[in-house]
Structure formats: structure tokens, C-alpha cells
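Inspection log for the structure reproduced underneath, given as C-alpha cells.
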Amino acid sequence: MPAPSAVRRFRTFAVPLAVLTVVFLVISLPPYLGLDPAKARLPVPEDVPWFYPALVAHIGFGSIALLTAVLQVWPWLRRTHPAVHRWSGRIYLGLGVIPGGIAVLAVAPFGQTGGPTGQVANTMLALLWLATAVAGYRAARARRFGEHREWMVRNVALTFSIVANRPWSMLCIAVFAPEVMGTGPVDPAVLAQAAGVSMWLSWVVNLLVAEYWLHRTRTRRGVRGGPAAKHRLPVSATP
């Protein structure tokens, strides 16, 4: 029977994250299931023939990344079923982050929603998403499991930037382009800038929160086990 602390973590962390992920996908995926560019929520440039296929590929691979990320950050599963953790991690990287990140690089420079601000934000996000995935994988292969854990925390934070983008978009539009709410004529340039700012905030804030959390956990491990403890993980937590 799981220890009380494991049950608490399951109830307070894994389940809400899983529910949030499922709700997000149920709302976001339907426009793309019919493979009709006219139903896409993003403008599809007519002069970029690969844009829509790359967008659909990113959405598909990104959905796999979101679902398997829930398993990756579930502490109880990682400790008690390390084989499941390893295989879900391979799916997360091989069928989620890596192909999804490559697809983003084919889409981000041509996206029209956030203008140049959004194009740069999403391109940087894609590069960091791929870079942290590679760093985490290499650390695991070298059996540097403390480093692996930290890189994957950063990577998962970037994975969930798409979920965070929804509330950030609403906030930025309300602050910078309130006319969208029906109070007056909408300036397309201002609206694009508001969307671009939300794209930056969606992953920068996630990454800052992840770094803060990592700093706190390093400090707690150092207090409990001395300076060397911050690089040590239980054998059952290996990827």
C-alpha cells in the first residue's frame, strides 16, 4: 500500500495536472482532427505550403508530450515503477518533444498571430525545448541522474507553456487591447503585440518557476543530507 506521503502527492499534484491536461486537449484538439486548414485556430499563410502539416504534426506530437509528461513528474510512479518511468520518458522524448520541437521550428518563423514578437518567442521556445531535452537525455545516459532530473523539470515546464499561454493571452489582451472586449475599434498591431507578449510570458514565467522550485529543492536536500546530497537520487528514481 502506498505510503501516506505518496498518496498526498498523488492527490495534490498528479491528478490535477492530468485533469488540466485532458481538459486542455479536449478543448484544443477538435479543430485539427478533420485536417481542414480553414478550421485552424492560427492563420495559415498561403505562401508557406508546409505550415499546416507542420502545425498539425506539432499539435499531435505535443499532445503526446503533455500526456506522458504527467507520468514523468509523478513522484510515486518514478519511485515504485522505474521501468514505467523509463519507457514513458522514451515516449515523451521520442514521440513528443523531439519531433514536436522540430515541427515548431518549421512553424514559428512564419506564425502571424503575434507578429515578429511571437515569432521570436516561439522560435526561442522550440530551441530551448529541444536543448533541454537533449541535455536531460545525455545526463541520463551518463547516469548523472541529479542533472537529468533538473533538465527534465525545465523541459516539462516548457512543455506546459502551451497550457499557460491561454490565461496569459486573455490577461495580455485585457490589459493591452481591451477593445477586443467590445469597447471600441481594435488595432491589429496592438492585438498582435499583446499576443506576442503572452507567448513570451507563457514559457519565461514557467521556466522561472521551475528554476525557483529547483533552487528550493536543492536547498532542502542540502540541509537534510549535506552539500553532496543535492546530487544524489534514490536508485528507484533512475530513468
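Letters for chains follow the order of the C-alpha cells (A, B, ...), residue numbers begin at 1 for each chain, and ligand numbers begin at 1 in the order shown.
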Residue set, range 25-237 of chain A restricted to alpha helix (DSSP H), as a PyMOL selection string:
chain A and resi 25-28+30-33+51-72+75-80+82-92+98-107+115-141+145-159+161-176+188-225
Which residues, written as a ChimeraX atom specification, have at least one atom at most 8 Å from range 164-169 of chain A, with only C-alpha atoms counted and residues fewer than 6 positions away on the same chain left out?
/A:194-195,198-199,201-203,206
Surrounding residues of Pro178 in chain A excluding itself and chain neighbours under 4 positions, 12 Å, only C-alpha atoms, as an NGL selection string
:A and (169-174 or 182-187 or 190-191 or 194)
Using only C-alpha atoms, which residues sit within 7 Å of range 36-53 of chain A once same-chain residues fewer than 3 positions away are excluded, as a PyMOL selection string?
chain A and resi 31-32+56-57+106-107+112-113
So which residues touch Leu214 in chain A within 10 Å, counting only C-alpha atoms, skipping near sequence neighbours fewer than 2 positions away, as a PyMOL selection string?
chain A and resi 149-151+153-154+208-212+216-220
Residues near Gly60 in chain A, anyone? I mean within 9 Å using only C-alpha atoms, not counting same-chain ones fewer than 3 positions away, as a PDB file with C-alpha atoms, in the first residue's frame.
```
ATOM      1  CA  LEU A  29      -7.689  19.374 -30.498  1.00  0.00           C
ATOM      2  CA  LEU A  55       1.389  22.696 -37.322  1.00  0.00           C
ATOM      3  CA  VAL A  56      -0.714  19.517 -37.199  1.00  0.00           C
ATOM      4  CA  ALA A  57       2.415  17.439 -36.574  1.00  0.00           C
ATOM      5  CA  SER A  63      -0.269  16.186 -27.214  1.00  0.00           C
ATOM      6  CA  ILE A  64       1.788  13.045 -26.639  1.00  0.00           C
ATOM      7  CA  ALA A  65       4.361  15.142 -24.761  1.00  0.00           C
ATOM      8  CA  GLY A  96       6.676  14.015 -28.148  1.00  0.00           C
ATOM      9  CA  GLY A 100       7.237  18.285 -31.761  1.00  0.00           C
TER      10      GLY A 100
END
```
